[in-house]
Each structure stands twice: as structure tokens, then as C-alpha cells.
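Asker: Input upload.cif, format and content: mmCIF, C-alpha atoms.
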data_run
#
loop_
_atom_site.label_atom_id
_atom_site.label_comp_id
_atom_site.auth_asym_id
_atom_site.auth_seq_id
_atom_site.Cartn_x
_atom_site.Cartn_y
_atom_site.Cartn_z
CA MET A 1 -31.60 -13.74 24.10
CA GLN A 2 -30.25 -13.25 20.59
CA ARG A 3 -32.19 -11.11 18.20
CA PHE A 4 -31.48 -8.77 15.31
CA SER A 5 -32.45 -5.17 14.91
CA ARG A 6 -33.18 -3.28 11.75
CA ARG A 7 -31.32 -0.34 13.24
CA SER A 8 -28.05 -2.16 13.86
CA VAL A 9 -25.21 -2.31 11.40
CA VAL A 10 -23.14 -5.41 10.86
CA GLY A 11 -19.50 -4.38 11.01
CA VAL A 12 -16.21 -5.69 9.74
CA PRO A 13 -13.67 -7.78 11.64
CA LEU A 14 -10.84 -6.24 9.71
CA ALA A 15 -10.53 -2.70 8.67
CA ILE A 16 -6.95 -1.78 8.10
CA LEU A 17 -3.80 -3.79 7.37
CA ALA A 18 -1.02 -1.23 7.29
CA ALA A 19 2.62 -2.14 7.41
CA VAL A 20 6.05 -1.24 6.08
CA SER A 21 6.85 -2.19 2.52
CA MET A 22 10.35 -2.17 1.07
CA SER A 23 8.99 -2.18 -2.48
CA SER A 24 8.75 0.88 -4.70
CA ALA A 25 6.73 1.95 -7.72
CA SER A 26 7.82 0.68 -11.12
CA ALA A 27 8.22 2.45 -14.49
CA ALA A 28 8.93 6.17 -14.83
CA PRO A 29 6.61 9.03 -13.87
CA THR A 30 4.95 11.00 -16.64
CA VAL A 31 4.11 13.83 -14.23
CA GLN A 32 6.34 15.59 -11.73
CA PRO A 33 5.60 14.32 -8.20
CA GLN A 34 4.55 17.17 -5.94
CA LEU A 35 6.57 17.62 -2.76
CA ILE A 36 4.24 17.50 0.25
CA ASP A 37 5.09 19.01 3.62
CA ASP A 38 5.34 16.58 6.51
CA SER A 39 2.81 18.61 8.50
CA THR A 40 0.08 17.68 6.01
CA ILE A 41 0.78 13.92 5.91
CA HIS A 42 -1.59 12.36 8.41
CA ALA A 43 -2.29 8.62 8.60
CA LYS A 44 -6.10 8.43 8.64
CA SER A 45 -8.71 5.70 8.40
CA THR A 46 -12.45 5.90 7.90
CA THR A 47 -15.62 3.92 7.28
CA VAL A 48 -17.58 3.82 4.04
CA GLY A 49 -21.24 3.08 3.43
CA GLY A 50 -23.52 1.28 5.86
CA ALA A 51 -26.32 -1.25 5.93
CA THR A 52 -29.38 -2.02 8.00
CA PRO A 53 -29.55 -5.81 8.29
CA VAL A 54 -32.54 -8.00 8.97
CA PRO A 55 -32.00 -11.55 10.28
CA THR A 56 -29.73 -12.97 7.58
CA THR A 57 -27.13 -15.62 6.90
CA ARG A 58 -26.03 -13.86 3.71
CA THR A 59 -23.19 -11.95 5.36
CA ILE A 60 -20.25 -12.74 7.64
CA PRO A 61 -20.97 -14.58 10.94
CA HIS A 62 -22.22 -12.22 13.65
CA TRP A 63 -24.20 -12.09 16.86
CA TYR A 64 -26.46 -9.64 18.62
CA GLY A 65 -26.23 -8.45 22.22
CA GLN A 66 -27.46 -5.76 24.61
CA THR A 67 -25.71 -3.85 27.38
CA LYS A 68 -27.14 -1.36 29.86
CA ASP A 69 -25.08 1.74 30.62
CA ALA A 70 -25.07 2.02 34.41
CA THR A 71 -24.37 5.76 34.24
CA ASN A 72 -27.60 6.67 32.43
CA GLY A 73 -29.77 3.56 32.57
CA VAL A 74 -29.92 3.29 28.76
CA THR A 75 -29.70 -0.14 27.13
CA TYR A 76 -27.74 -0.35 23.89
CA GLY A 77 -27.90 -3.10 21.30
CA TYR A 78 -25.09 -4.11 18.97
CA ASN A 79 -24.01 -6.65 16.37
CA MET A 80 -20.48 -8.09 16.56
CA VAL A 81 -18.54 -10.41 14.28
CA GLY A 82 -18.04 -14.02 15.39
CA ALA A 83 -19.90 -16.24 17.86
CA ASP A 84 -21.71 -15.05 20.97
CA PRO A 85 -19.06 -15.64 23.66
CA PHE A 86 -21.69 -15.64 26.41
CA ASN A 87 -24.03 -18.25 24.96
CA CYS A 88 -22.07 -20.45 22.54
CA SER A 89 -20.67 -23.85 23.47
CA GLY A 90 -18.09 -26.26 22.06
CA GLN A 91 -17.11 -25.93 18.44
CA ALA A 92 -19.95 -23.47 17.81
CA CYS A 93 -17.71 -20.90 19.56
CA ASP A 94 -14.98 -21.32 16.95
CA VAL A 95 -15.75 -19.03 13.98
CA THR A 96 -13.63 -18.51 10.88
CA VAL A 97 -14.20 -15.54 8.58
CA GLU A 98 -13.09 -16.16 5.00
CA VAL A 99 -11.03 -13.18 3.77
CA ASP A 100 -10.78 -12.82 -0.02
CA ILE A 101 -7.60 -10.85 -0.74
CA THR A 102 -7.45 -9.08 -4.10
CA PRO A 103 -4.14 -7.32 -4.89
CA LEU A 104 -4.76 -4.10 -6.80
CA ILE A 105 -2.28 -2.95 -9.44
CA VAL A 106 -2.71 0.82 -9.55
CA ASN A 107 -1.36 2.97 -12.39
CA VAL A 108 -1.00 6.68 -11.59
CA GLY A 109 1.01 9.31 -13.43
CA GLY A 110 3.11 6.78 -15.32
CA LEU A 111 4.02 4.75 -12.22
CA THR A 112 2.68 1.36 -11.18
CA PHE A 113 1.97 0.54 -7.53
CA SER A 114 1.32 -3.19 -7.21
CA GLY A 115 -0.43 -4.81 -4.28
CA SER A 116 1.02 -8.13 -5.46
CA ASP A 117 4.44 -6.90 -4.29
CA VAL A 118 3.28 -6.93 -0.66
CA LEU A 119 1.03 -9.99 -0.76
CA ALA A 120 3.55 -12.39 0.79
CA ALA A 121 4.31 -9.99 3.62
CA THR A 122 0.59 -9.49 4.20
CA LEU A 123 0.04 -13.20 4.63
CA ALA A 124 3.00 -13.35 7.03
CA SER A 125 1.72 -10.40 9.11
CA PRO A 126 0.06 -10.80 12.55
CA VAL A 127 -3.32 -10.37 10.89
CA PHE A 128 -3.05 -13.85 9.36
CA ALA A 129 0.02 -15.50 10.89
CA THR A 130 -0.14 -16.91 14.43
CA ASN A 131 2.02 -15.85 17.38
CA ASP A 132 2.22 -16.29 21.13
CA TYR A 133 0.70 -13.13 22.65
CA GLY A 134 1.18 -14.23 26.25
CA MET A 135 4.26 -12.01 26.60
CA THR A 136 5.98 -9.21 24.69
CA PRO A 137 9.63 -8.16 24.90
CA TYR A 138 8.85 -4.50 24.22
CA ALA A 139 5.93 -2.08 24.45
CA THR A 140 5.30 1.52 23.42
CA ALA A 141 6.12 3.93 26.24
CA ALA A 142 5.75 7.67 26.78
CA GLY A 143 8.52 9.78 25.34
CA ALA A 144 9.03 13.53 25.54
CA PHE A 145 5.56 14.63 24.39
CA PRO A 146 4.76 17.34 23.28
CA ASN A 147 8.35 17.30 22.07
CA THR A 148 9.79 14.50 19.96
CA PRO A 149 9.89 11.62 20.31
CA ALA A 150 6.34 11.45 21.65
CA PHE A 151 6.71 7.70 22.15
CA ILE A 152 9.65 5.38 22.67
CA ARG A 153 10.22 1.65 22.87
CA GLY A 154 9.83 0.59 26.47
CA PRO A 155 10.09 -2.69 28.35
CA GLY A 156 7.57 -5.41 27.65
CA GLY A 157 5.84 -7.86 29.94
CA THR A 158 2.68 -9.89 30.25
CA LEU A 159 -0.04 -9.49 27.65
CA SER A 160 -2.68 -12.21 27.61
CA GLN A 161 -1.23 -14.49 30.26
CA GLY A 162 -4.10 -16.97 29.93
CA ASP A 163 -3.01 -17.70 26.37
CA VAL A 164 0.71 -18.21 27.00
CA THR A 165 2.05 -20.73 24.44
CA ASN A 166 -1.22 -20.60 22.45
CA LEU A 167 -0.46 -19.61 18.87
CA LEU A 168 -3.14 -17.15 17.76
CA GLN A 169 -3.81 -14.47 15.19
CA LEU A 170 -3.71 -10.94 16.59
CA GLU A 171 -7.47 -10.37 16.38
CA ASP A 172 -8.26 -13.80 17.78
CA ALA A 173 -5.98 -13.16 20.76
CA THR A 174 -7.60 -9.78 21.37
CA MET A 175 -11.18 -11.06 21.22
CA ARG A 176 -10.41 -14.02 23.47
CA ALA A 177 -8.80 -11.76 26.06
CA GLN A 178 -11.54 -9.14 26.15
CA PHE A 179 -14.27 -11.78 26.56
CA ASN A 180 -12.28 -13.72 29.18
CA GLN A 181 -12.12 -16.74 26.88
CA THR A 182 -8.41 -17.53 27.14
CA GLY A 183 -6.64 -20.77 28.00
CA SER A 184 -8.57 -23.89 27.03
CA SER A 185 -11.64 -21.98 25.79
CA THR A 186 -12.95 -23.08 22.39
CA TYR A 187 -13.84 -19.45 21.54
CA HIS A 188 -12.01 -18.16 18.45
CA LEU A 189 -12.41 -15.54 15.74
CA ARG A 190 -10.08 -16.58 12.95
CA LEU A 191 -9.34 -14.99 9.57
CA HIS A 192 -8.66 -17.38 6.69
CA PRO A 193 -7.01 -15.76 3.63
CA ASN A 194 -8.02 -16.68 0.07
CA VAL A 195 -5.85 -15.02 -2.57
CA LYS A 196 -7.74 -13.81 -5.64
CA PRO A 197 -6.31 -12.78 -9.05
CA PRO A 198 -4.94 -9.22 -9.13
CA VAL A 199 -7.02 -6.42 -10.64
CA THR A 200 -5.59 -3.40 -12.49
CA ILE A 201 -6.96 0.08 -11.83
CA ASN A 202 -5.93 2.98 -14.09
CA VAL A 203 -6.36 6.33 -12.33
CA PRO A 204 -7.27 9.29 -14.61
CA SER A 205 -5.11 12.39 -14.25
CA ASN A 206 -8.02 14.36 -12.81
CA GLN A 207 -8.63 11.76 -10.08
CA GLY A 208 -5.13 11.14 -8.80
CA THR A 209 -1.57 12.38 -8.77
CA LEU A 210 1.90 11.61 -7.43
CA LEU A 211 3.20 13.07 -4.19
CA GLN A 212 6.68 12.94 -2.72
CA SER A 213 7.58 13.01 0.96
CA GLY A 214 10.47 15.02 2.37
CA ARG A 215 12.60 11.87 2.30
CA GLY A 216 12.00 11.21 -1.39
CA VAL A 217 9.30 8.54 -1.15
CA ILE A 218 6.90 8.83 -4.10
CA PHE A 219 3.35 7.58 -3.54
CA ALA A 220 -0.02 7.63 -5.27
CA ASP A 221 -2.61 10.12 -4.02
CA VAL A 222 -6.14 9.32 -5.26
CA ASP A 223 -9.52 10.99 -4.75
CA ILE A 224 -11.46 9.01 -2.11
CA GLY A 225 -14.81 9.35 -3.90
CA TRP A 226 -13.49 8.07 -7.22
CA TRP A 227 -11.57 5.27 -5.49
CA SER A 228 -14.64 4.15 -3.55
CA ALA A 229 -16.59 3.90 -6.80
CA GLN A 230 -13.95 1.47 -8.11
CA ILE A 231 -14.18 -0.61 -4.93
CA ASN A 232 -17.97 -0.70 -5.25
CA ASN A 233 -17.64 -2.01 -8.80
CA LEU A 234 -15.38 -4.81 -7.60
CA LEU A 235 -17.88 -5.72 -4.88
CA THR A 236 -20.47 -6.73 -7.46
CA LYS A 237 -18.58 -10.04 -7.80
CA ALA A 238 -17.92 -10.55 -4.09
CA ASP A 239 -19.27 -13.31 -1.86
CA ALA A 240 -21.37 -11.72 0.88
CA THR A 241 -20.45 -14.48 3.33
CA HIS A 242 -16.76 -13.57 2.91
CA LEU A 243 -14.82 -10.40 3.75
CA PRO A 244 -13.21 -8.93 0.60
CA LEU A 245 -9.88 -7.25 1.34
CA PHE A 246 -8.44 -5.07 -1.43
CA LEU A 247 -4.68 -4.70 -1.02
CA THR A 248 -2.52 -1.86 -2.35
CA ASP A 249 1.06 -0.66 -1.94
CA ASN A 250 1.83 3.03 -1.34
CA VAL A 251 -1.64 4.15 -2.51
CA LEU A 252 -3.21 6.78 -0.26
CA LEU A 253 -6.41 8.79 -0.63
CA PHE A 254 -7.24 12.48 -0.40
CA GLU A 255 -10.51 14.09 0.66
CA GLY A 256 -12.41 17.25 -0.24
CA ASN A 257 -11.10 17.37 -3.83
CA ASN A 258 -7.76 18.52 -2.43
CA PRO A 259 -4.69 16.30 -3.04
CA GLY A 260 -3.02 18.06 -0.13
CA ASN A 261 -5.75 16.84 2.24
CA CYS A 262 -3.95 13.56 2.70
CA CYS A 263 -3.78 10.69 3.63
CA VAL A 264 -6.38 7.94 4.17
CA ILE A 265 -4.46 4.65 4.29
CA GLY A 266 -7.40 2.28 4.67
CA TYR A 267 -11.11 1.93 5.26
CA HIS A 268 -13.83 -0.63 5.84
CA GLY A 269 -17.56 -0.62 5.41
CA THR A 270 -20.78 -2.41 4.49
CA ARG A 271 -23.25 -2.21 1.65
CA ALA A 272 -26.60 -3.89 1.11
CA VAL A 273 -28.32 -5.03 -2.05
CA GLY A 274 -31.21 -2.70 -2.77
CA ASN A 275 -31.72 0.86 -1.57
CA GLY A 276 -29.49 0.91 1.50
CA GLY A 277 -31.52 -1.48 3.63
CA GLY A 278 -31.35 -4.54 1.40
CA SER A 279 -33.48 -6.11 -1.26
CA ALA A 280 -37.25 -5.99 -0.86
CA ASN A 281 -37.40 -9.46 -2.48
CA SER A 282 -35.00 -11.22 -0.11
CA ASN A 283 -37.65 -13.03 1.96
CA GLY A 284 -36.03 -11.76 5.13
CA ASN A 285 -32.53 -12.88 4.15
CA SER A 286 -30.92 -9.77 2.66
CA VAL A 287 -27.38 -9.66 1.35
CA VAL A 288 -25.14 -7.48 3.52
CA GLN A 289 -21.65 -7.17 2.04
CA THR A 290 -18.74 -6.22 4.29
CA PHE A 291 -15.43 -5.10 2.77
CA ALA A 292 -12.08 -3.46 3.49
CA TRP A 293 -9.32 -1.72 1.57
CA ALA A 294 -5.82 -1.49 3.05
CA SER A 295 -2.53 -0.01 1.86
CA TRP A 296 1.05 -0.66 2.86
CA VAL A 297 3.33 2.29 3.60
CA GLN A 298 6.97 2.47 2.52
CA PRO A 299 9.61 3.56 5.08
CA GLY A 300 10.42 7.25 4.71
CA LEU A 301 6.93 8.37 3.79
CA TYR A 302 6.46 9.70 7.32
CA ALA A 303 8.80 12.18 8.92
CA ARG A 304 10.59 10.73 11.93
CA PRO A 305 12.99 7.76 11.79
CA GLY A 306 11.01 4.65 12.64
CA MET A 307 7.69 6.40 12.00
CA GLY A 308 6.76 3.78 9.42
CA ARG A 309 7.25 0.98 11.92
CA ARG A 310 5.41 2.91 14.60
CA SER A 311 2.60 3.37 12.08
CA VAL A 312 2.53 -0.41 11.68
CA ARG A 313 1.91 -0.91 15.38
CA GLU A 314 -0.65 1.87 15.50
CA GLN A 315 -2.50 0.58 12.45
CA HIS A 316 -2.55 -3.01 13.66
CA GLY A 317 -3.90 -1.65 16.93
CA ARG A 318 -6.44 0.37 14.98
CA ALA A 319 -7.42 -2.74 13.05
CA VAL A 320 -8.15 -4.48 16.31
CA ALA A 321 -10.11 -1.47 17.55
CA HIS A 322 -12.19 -1.42 14.37
CA ALA A 323 -12.86 -5.13 14.62
CA ASP A 324 -14.06 -4.43 18.14
CA ARG A 325 -15.69 -1.01 18.04
CA ALA A 326 -16.49 -0.71 14.34
CA ALA A 327 -17.96 -4.17 14.36
CA ILE A 328 -20.39 -2.70 16.87
CA ARG A 329 -22.98 -0.09 16.04
CA LEU A 330 -24.63 0.94 19.26
CA GLN A 331 -28.32 1.70 19.23
CA ARG A 332 -30.69 2.89 21.90
CA ILE A 333 -33.37 0.34 22.72
CA PRO A 334 -36.90 1.86 22.72
CA GLY A 335 -38.44 2.02 26.16
CA ASP A 336 -35.26 2.92 28.02
CA ARG A 337 -35.10 6.34 29.51
#
Could you write out this structure as C-alpha cells?

Answerer:
Amino acid sequence: MQRFSRRSVVGVPLAILAAVSMSSASAAPTVQPQLIDDSTIHAKSTTVGGATPVPTTRTIPHWYGQTKDATNGVTYGYNMVGADPFNCSGQACDVTVEVDITPLIVNVGGLTFSGSDVLAATLASPVFATNDYGMTPYATAAGAFPNTPAFIRGPGGTLSQGDVTNLLQLEDATMRAQFNQTGSSTYHLRLHPNVKPPVTINVPSNQGTLLQSGRGVIFADVDIGWWSAQINNLLTKADATHLPLFLTDNVLLFEGNNPGNCCVIGYHGTRAVGNGGGSANSNGNSVVQTFAWASWVQPGLYARPGMGRRSVREQHGRAVAHADRAAIRLQRIPGDR
């Protein structure tokens, strides 16, 4: 039986869209980019904020479920994006999440990093474009770990054989496979992009700088706290029933007030109107806003040849994992031991 819990958190069906961009920053730097050692460049993602929803339609489509852990007898509840694959029927199983994409034009240290430069490639990526995921010609295989390369390109094979010839978005294919809803099933979780006008963000010198990788790639490095405040300001105009996606190019974030503590390349989160749990005047229908920020990464930012492309595969895989795991916030149900 479907129900909602005040302790659950509605998650996001998209957290990170990372890929390789051939574009570069424009203009000329007014500060000298700092050379950063490869050992300190780590592709990281995170979550921001959180919300405690009540039964509401003022957020993205989601459903509630419970699962008992057979190892400890504890029942956990969770909210997931989309339709309930176990109880929906017909067209009610086919859910589309509207994704409002806002390219961000970021000015740092005299250089401009424009999300508009990678908009077309974003729309053509597996996040939004459809493909046949029934088979794959190649797959990541073990390399010479702990030596390099840790991973290599290996032979492919069957992926979601039930959906052979079905053209699907990556997340849709993943959700259908994990819920055994392949083939002729009407179950879908689709992402529909809506492109919004670009927004310019000027980063103060005390909140961001320019870094340069060992291969000469210059990128923006911005304080995560300051950046998140800018994203929160943009969310004041967002539609809570849509997923806002803020898109940047070669903009990464640092943590702990240390530009060398790099690099967050994307995050997702939720926020509620009111003091964390939603508005007290919502009549049981609080606004819960989901959102995501994602940055593209230029080839050469990471150390090994092909690392950028490997990062693409890892980040798309991480996006799927976040849509799955981060869309779920497990909670212990009272009364279970």
C-alpha cells in the first residue's frame, strides 16, 4: 500500500551529467592559473540540502515503498522517482520528468566558461537521447590494478536483452531492467529537456580561481558554499514539479576553503519551502524542489590518456546510481526490531 512518510526524502532522478567537452574558456586570464598536481584532482560528486516531504503533488512524480531486510528483519521505507512498478498499470506506468536546463555562463579570473557551449552535446548525450541498450560492443574490463591502467576496454555483450531494439534513454533502460519491466512493458521513466535562457554568474576573486592541469587545461575552481548559494538563488524561480538542471563547462568546486581540495564536478539535492520541512501553510501539499548542477570536463584535465572519456562512463554510471540510490532515502519503520 502506498503511503508517504515525513521521514523520507524525495530524491532526484538525475544528479550528474559529466562528459567530454572540446570547448575551452574564452577571453584572457587576469590571474595566473595555478598548476595543480594530478594526485589532488579527484572527480567527486555530492548531495546538497534535503527535505522532509508530506503527501504532495508539488514536486516531481514519485512513489513510496517498503522492503524488509531478511538479514536483520528490519523494514525500510523509501521514496523513488517515477511510477510504482509493482502497482501501476497501463499508461499510468509511463512517467516523464520535465528537466529545465539552464546553461550557466561563469566568469572567473578574466576567463569565461559557458555552459551554452556544451548544450547541444548535452541534449545529444545518453541522458536525453535514445539508444538500443540490448547489446554493447565494448565494456570496461579489469586492467593491471594497482598499476596502470586500472581498467581497459574489454569485449561487450548482452545488456538488457529484454529491450533489444527498444530505443530508450539510459536511465529509462536502467530502471526498466532493474524492475523487470522490459520488452512490451508500459513502464518508463523519461527525462524531457526544456532549454531555459542562460544565466551569467560572476565569481569574486575570493570565491574562485583558475587552476591548470599537468596537460595545460585551464578550468574554474569555485568554493562549493558560495556556488551553492548562487544555485539556491536561481531556485527561487524554479517550478517544483520540474527538475532544474544547471549546466556548466569546465567549472569545478573546491571544499574546506581550500582551492587545492578539488574537484566536485556535480551535485544534486532537494530543498523545501519553509524551515527545512516545508511551509506550515501548505495545507498538506508542501513544495519540495529537486535540483541538479552538472559540469562537463575537457579532455586533458585528468592525467591518463582517455581518462576524460573514462570519466564520462563513470559519471553516467554514477548518474544512474544516484537516480536509483539517491532517489531513495531509507528509513527504519517503527515497530521493527

Asker: For the structure shown, which residues end up in the PyMOL selection byres ((chain A and resi 204) around 10)? Put them as number ranges by chain, please?

Answerer: A: 107-109, 201-203, 205-209, 222, 226

Asker: Go ahead and write the selection's residues with C-alpha atoms as an mmCIF file, in the coordinates of the input.

Answerer:
data_model
loop_
_atom_site.group_PDB
_atom_site.id
_atom_site.type_symbol
_atom_site.label_atom_id
_atom_site.label_comp_id
_atom_site.auth_asym_id
_atom_site.auth_seq_id
_atom_site.Cartn_x
_atom_site.Cartn_y
_atom_site.Cartn_z
ATOM 1 C CA ASN A 107 -1.360 2.970 -12.390
ATOM 2 C CA VAL A 108 -1.000 6.680 -11.590
ATOM 3 C CA GLY A 109 1.010 9.310 -13.430
ATOM 4 C CA ILE A 201 -6.960 0.080 -11.830
ATOM 5 C CA ASN A 202 -5.930 2.980 -14.090
ATOM 6 C CA VAL A 203 -6.360 6.330 -12.330
ATOM 7 C CA SER A 205 -5.110 12.390 -14.250
ATOM 8 C CA ASN A 206 -8.020 14.360 -12.810
ATOM 9 C CA GLN A 207 -8.630 11.760 -10.080
ATOM 10 C CA GLY A 208 -5.130 11.140 -8.800
ATOM 11 C CA THR A 209 -1.570 12.380 -8.770
ATOM 12 C CA VAL A 222 -6.140 9.320 -5.260
ATOM 13 C CA TRP A 226 -13.490 8.070 -7.220
#

Asker: Would you write out, as number ranges by chain, every residue that the PyMOL selection byres ((chain A and resi 289) around 9) captures in this file?

Answerer: A: 51, 58-60, 235, 238-244, 269-273, 287-288, 290-291

Asker: Evaluate the PyMOL selection byres ((chain A and resi 171-177) around 6) here and jot the selected residues down as a PyMOL selection string.

Answerer: chain A and resi 168-170+178-182+188-190+320

Asker: Find, counting all atoms listed in the file, the residue in A:Ala142, A:Leu167, A:Ala70, A:Cys263 that gets nearest to A:Ala220.

Answerer: A:Cys263

Asker: As an exercise, work out the distance from atom CA of A:Tyr64 to atom CA of A:Gly77 in Å and give it to one decimal place.

Answerer: 7.2 Å

Asker: Have a look at A:Trp293, A:Tyr302, A:Trp227, A:Phe219 and name the one nearest to A:His268; count only C-alpha atoms.

Answerer: A:Trp293

Asker: Provide the atom CA of A:Gly156 to atom CA of A:Phe128 distance in Å, to one decimal place.

Answerer: 22.8 Å

Asker: One decimal, Å: what's the distance from atom CA of A:Gly162 over to atom CA of A:Tyr133, could you say?

Answerer: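 The value is 9.5 Å.
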